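Structure first, commentary second.
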Amino acid sequence: MGEYYGLAVVLVVALLLSTGQCDVRCGGTDGHPGQPGGPGRDGWAGVKGEKGQPAVVNNEPADEGTLLMLRGEMGSRGLQGLMGPKGYRGDLGAAGRRGTPGRPGPHGKSISQNDDSPQQAKSAFSAVRTATSYPTTNQRPITFQETKVNRPGDFDAATGYFTCRIPGVYYFSFHSMAKVSICLRIASEVLGSDKVGFCDYNRNHDQVLSGGVVLQLTAGQRVWLESFRDQQTNADIQDVRDKTIIFNGFLLF
């Protein structure tokens, strides 16, 4: 038993000696580098620094005026940028307040109560000839049996004359309907021999004739309607069937 114990001690001592020698003389291989670690968290904000020293010009602190003088010059204006897209239409705004009344206008011109004043001048007539006889062609005015309008009475149906009382520009017209050919013309002292005449020779239907003229008249000048001979036959002149002739005139201005 004692022998086994002694042998064990010898083995232990031998192992200790061999282990101590390996730690001194034997080295292991290096390991592989590790993987980089992740980014660290931001650090805390630093404390506010102290106020810097004032600017110095010529070894003296610079005042505010000097600092403004030391500023650089303003640069040139840059190029205009591109126009942006059109914006959306905004909502309709509320109605504004009612404006103040405008200034009074100038005084109007007084208007005379006289019917002859230009502002109130009126003259118009419309006469109708219903006689069945053919109107005379001896350059005399046609007379009329009815007067539909005659204000203020410047037309005389019995003589066929319109006598100008209010100077101005007038419009005269006539219309006729008959079974035979008729020639009519508007005559006036202002026209002289240049009378305005019209004829209708359509023999298949009722003869319808119209004409008109604008005349500048002075007070006292007359206008009338007359018939004249052109290509009518004797049978036309002797015709006694229904005929209607209307003569109109009125003041324009």
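Identifiers in this document derive from the order of the structure tokens: chains are assigned A, B, ..., residues are numbered from 1 separately in each chain, and ligands are numbered from 1 in order of occurrence.
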
Would you list the contacts of Thr163 in chain A as number ranges by chain, taking every protein, DNA or RNA residue within 12 Å and counting only C-alpha atoms, but skipping same-chain residues closer than 2 positions in sequence?
A: 123-125, 150, 152-157, 159-161, 165-167, 170, 188-190, 217-224, 249-250

Restrict the selected residues to C-alpha atoms and save them as a PDB file, in the first residue's frame.
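Result written to again-v9.pdb:
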ATOM      1  CA  SER A 123     -93.896 114.361 -85.722  1.00  0.00           C
ATOM      2  CA  ALA A 124     -95.465 111.294 -87.348  1.00  0.00           C
ATOM      3  CA  PHE A 125     -98.317 110.391 -89.662  1.00  0.00           C
ATOM      4  CA  ASN A 150    -101.211 112.422 -87.390  1.00  0.00           C
ATOM      5  CA  PRO A 152     -99.115 116.905 -84.154  1.00  0.00           C
ATOM      6  CA  GLY A 153    -101.121 117.416 -87.355  1.00  0.00           C
ATOM      7  CA  ASP A 154     -98.433 118.173 -89.951  1.00  0.00           C
ATOM      8  CA  PHE A 155    -100.116 116.031 -92.633  1.00  0.00           C
ATOM      9  CA  ASP A 156    -103.193 117.169 -94.565  1.00  0.00           C
ATOM     10  CA  ALA A 157    -105.104 114.161 -95.934  1.00  0.00           C
ATOM     11  CA  THR A 159    -104.455 117.870-100.017  1.00  0.00           C
ATOM     12  CA  GLY A 160    -101.939 115.029 -99.562  1.00  0.00           C
ATOM     13  CA  TYR A 161     -99.197 117.403 -98.360  1.00  0.00           C
ATOM     14  CA  ARG A 165     -92.929 122.257 -88.873  1.00  0.00           C
ATOM     15  CA  ILE A 166     -89.984 120.822 -86.909  1.00  0.00           C
ATOM     16  CA  PRO A 167     -86.658 120.921 -88.802  1.00  0.00           C
ATOM     17  CA  TYR A 170     -87.429 112.414 -91.592  1.00  0.00           C
ATOM     18  CA  SER A 188     -90.649 117.099-102.267  1.00  0.00           C
ATOM     19  CA  GLU A 189     -89.476 120.629-102.773  1.00  0.00           C
ATOM     20  CA  VAL A 190     -86.145 119.556-101.320  1.00  0.00           C
ATOM     21  CA  LEU A 217     -86.142 119.105 -94.074  1.00  0.00           C
ATOM     22  CA  THR A 218     -86.356 122.660 -92.896  1.00  0.00           C
ATOM     23  CA  ALA A 219     -89.483 124.365 -91.606  1.00  0.00           C
ATOM     24  CA  GLY A 220     -92.071 124.961 -94.322  1.00  0.00           C
ATOM     25  CA  GLN A 221     -90.806 122.371 -96.844  1.00  0.00           C
ATOM     26  CA  ARG A 222     -93.392 119.880 -98.102  1.00  0.00           C
ATOM     27  CA  VAL A 223     -93.394 116.173 -98.999  1.00  0.00           C
ATOM     28  CA  TRP A 224     -96.106 114.261-100.896  1.00  0.00           C
ATOM     29  CA  GLY A 249     -93.635 109.613 -92.395  1.00  0.00           C
ATOM     30  CA  PHE A 250     -91.982 110.433 -89.070  1.00  0.00           C
TER      31      PHE A 250
END

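By chain and then residue number, the residues within 10 Å of Asp230 in chain A are A:Thr137, A:Ser181, A:Ile182, A:Cys183, A:Cys199, counting only C-alpha atoms and disregarding those fewer than 4 positions away in sequence.
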
Residues of the last selection are to be written out with N, CA and C atoms, as a compact mmCIF listing (two decimals), in the first residue's frame.
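The resulting part-v1.txt:
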# COMPACT_ATOMS: atom_id res chain seq x y z
N THR A 137 -102.35 110.78 -112.65
CA THR A 137 -100.94 110.79 -113.05
C THR A 137 -100.51 112.16 -113.57
N SER A 181 -100.95 97.33 -112.65
CA SER A 181 -99.65 97.96 -112.44
C SER A 181 -99.83 99.40 -111.96
N ILE A 182 -99.00 99.79 -110.99
CA ILE A 182 -99.04 101.15 -110.44
C ILE A 182 -97.60 101.63 -110.29
N CYS A 183 -97.39 102.90 -110.59
CA CYS A 183 -96.10 103.55 -110.38
C CYS A 183 -96.31 104.69 -109.39
N CYS A 199 -92.00 101.16 -109.54
CA CYS A 199 -93.08 100.57 -110.35
C CYS A 199 -93.12 99.06 -110.12

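Among the candidates A:Val240, A:Leu82, A:Ala158, A:Val169, the one nearest to Leu215 in chain A when counting only C-alpha atoms is A:Val169.
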
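What separates CA of Pro135 in chain A from CA of Leu184 in chain A is a distance of 9.3 Å.
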
Neighbour list for Ser210 in chain A as a short mmCIF file (atom, residue, chain, number, x, y, z; two decimals) with all heavy atoms, in the first residue's frame, cut-off 9 Å, only C-alpha atoms, skip fewer than 5 positions in-chain:
data_model
loop_
_atom_site.label_atom_id
_atom_site.label_comp_id
_atom_site.auth_asym_id
_atom_site.auth_seq_id
_atom_site.Cartn_x
_atom_site.Cartn_y
_atom_site.Cartn_z
N SER A 173 -92.22 106.61 -96.29
CA SER A 173 -92.36 105.34 -97.00
C SER A 173 -93.79 105.21 -97.50
O SER A 173 -94.71 105.88 -97.01
CB SER A 173 -92.01 104.17 -96.08
OG SER A 173 -92.94 104.07 -95.01
N PHE A 174 -93.98 104.32 -98.48
CA PHE A 174 -95.32 104.03 -98.98
C PHE A 174 -95.43 102.55 -99.32
O PHE A 174 -94.43 101.87 -99.59
CB PHE A 174 -95.66 104.87 -100.22
CG PHE A 174 -94.81 104.56 -101.41
CD1 PHE A 174 -95.12 103.51 -102.27
CD2 PHE A 174 -93.69 105.32 -101.71
CE1 PHE A 174 -94.35 103.22 -103.37
CE2 PHE A 174 -92.90 105.03 -102.81
CZ PHE A 174 -93.23 103.97 -103.64
N HIS A 175 -96.66 102.05 -99.29
CA HIS A 175 -96.97 100.67 -99.64
C HIS A 175 -98.29 100.69 -100.40
O HIS A 175 -99.22 101.41 -100.03
CB HIS A 175 -97.11 99.79 -98.40
CG HIS A 175 -95.96 99.90 -97.45
ND1 HIS A 175 -94.80 99.19 -97.58
CD2 HIS A 175 -95.80 100.69 -96.34
CE1 HIS A 175 -93.97 99.51 -96.60
NE2 HIS A 175 -94.56 100.42 -95.84
N SER A 176 -98.38 99.88 -101.46
CA SER A 176 -99.61 99.83 -102.24
C SER A 176 -99.90 98.40 -102.67
O SER A 176 -98.98 97.59 -102.82
CB SER A 176 -99.53 100.73 -103.48
OG SER A 176 -98.62 100.18 -104.42
N LEU A 184 -95.50 104.72 -108.30
CA LEU A 184 -95.61 105.75 -107.28
C LEU A 184 -94.23 106.33 -107.01
O LEU A 184 -93.22 105.65 -107.16
CB LEU A 184 -96.20 105.17 -105.99
CG LEU A 184 -97.61 104.57 -106.07
CD1 LEU A 184 -97.99 103.92 -104.76
CD2 LEU A 184 -98.64 105.64 -106.46
N PHE A 198 -91.01 104.23 -107.99
CA PHE A 198 -90.99 102.77 -108.01
C PHE A 198 -92.18 102.28 -108.82
O PHE A 198 -93.26 102.88 -108.79
CB PHE A 198 -91.07 102.20 -106.59
CG PHE A 198 -89.96 102.66 -105.68
CD1 PHE A 198 -90.07 103.85 -104.97
CD2 PHE A 198 -88.81 101.90 -105.54
CE1 PHE A 198 -89.07 104.27 -104.13
CE2 PHE A 198 -87.80 102.31 -104.70
CZ PHE A 198 -87.91 103.50 -104.00
N CYS A 199 -92.00 101.16 -109.54
CA CYS A 199 -93.08 100.57 -110.35
C CYS A 199 -93.12 99.06 -110.12
O CYS A 199 -92.10 98.44 -109.77
CB CYS A 199 -92.87 100.85 -111.84
SG CYS A 199 -92.96 102.58 -112.31
#

Mind listing the strand (DSSP E or B) residues of range 5-242 of chain A, per DSSP on the backbone, as an MDAnalysis selection string?
chainID A and resid 56:57 60:61 124:129 146:151 155:156 161:163 168:178 182:188 196:200 207:217 222:227

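Note that the spacing between CA of Ile245 in chain A and CA of Met177 in chain A amounts to 6.7 Å.
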
Val213 in chain A environment, 8 Å, only C-alpha atoms, sequence neighbours closer than 5 positions dropped, as a PyMOL selection string
chain A and resi 171-173+186+196

Generate a file of the selected residues that holds N, CA, C and O atoms, formatted as a PDB file, in the first residue's frame.
ATOM      1  N   TYR A 171     -88.105 110.188 -92.158  1.00  0.00           N
ATOM      2  CA  TYR A 171     -88.193 108.992 -92.994  1.00  0.00           C
ATOM      3  C   TYR A 171     -89.617 108.895 -93.540  1.00  0.00           C
ATOM      4  O   TYR A 171     -90.590 108.950 -92.777  1.00  0.00           O
ATOM      5  N   PHE A 172     -89.733 108.738 -94.874  1.00  0.00           N
ATOM      6  CA  PHE A 172     -91.027 108.600 -95.541  1.00  0.00           C
ATOM      7  C   PHE A 172     -91.053 107.271 -96.296  1.00  0.00           C
ATOM      8  O   PHE A 172     -90.050 106.860 -96.892  1.00  0.00           O
ATOM      9  N   SER A 173     -92.217 106.609 -96.293  1.00  0.00           N
ATOM     10  CA  SER A 173     -92.361 105.343 -97.004  1.00  0.00           C
ATOM     11  C   SER A 173     -93.793 105.206 -97.499  1.00  0.00           C
ATOM     12  O   SER A 173     -94.710 105.877 -97.008  1.00  0.00           O
ATOM     13  N   ILE A 186     -92.134 109.403-104.293  1.00  0.00           N
ATOM     14  CA  ILE A 186     -92.139 110.412-103.232  1.00  0.00           C
ATOM     15  C   ILE A 186     -91.541 111.691-103.801  1.00  0.00           C
ATOM     16  O   ILE A 186     -90.445 111.682-104.366  1.00  0.00           O
ATOM     17  N   VAL A 196     -88.192 110.163-106.162  1.00  0.00           N
ATOM     18  CA  VAL A 196     -87.890 108.759-105.904  1.00  0.00           C
ATOM     19  C   VAL A 196     -89.082 107.932-106.342  1.00  0.00           C
ATOM     20  O   VAL A 196     -90.133 107.938-105.693  1.00  0.00           O
TER      21      VAL A 196
END
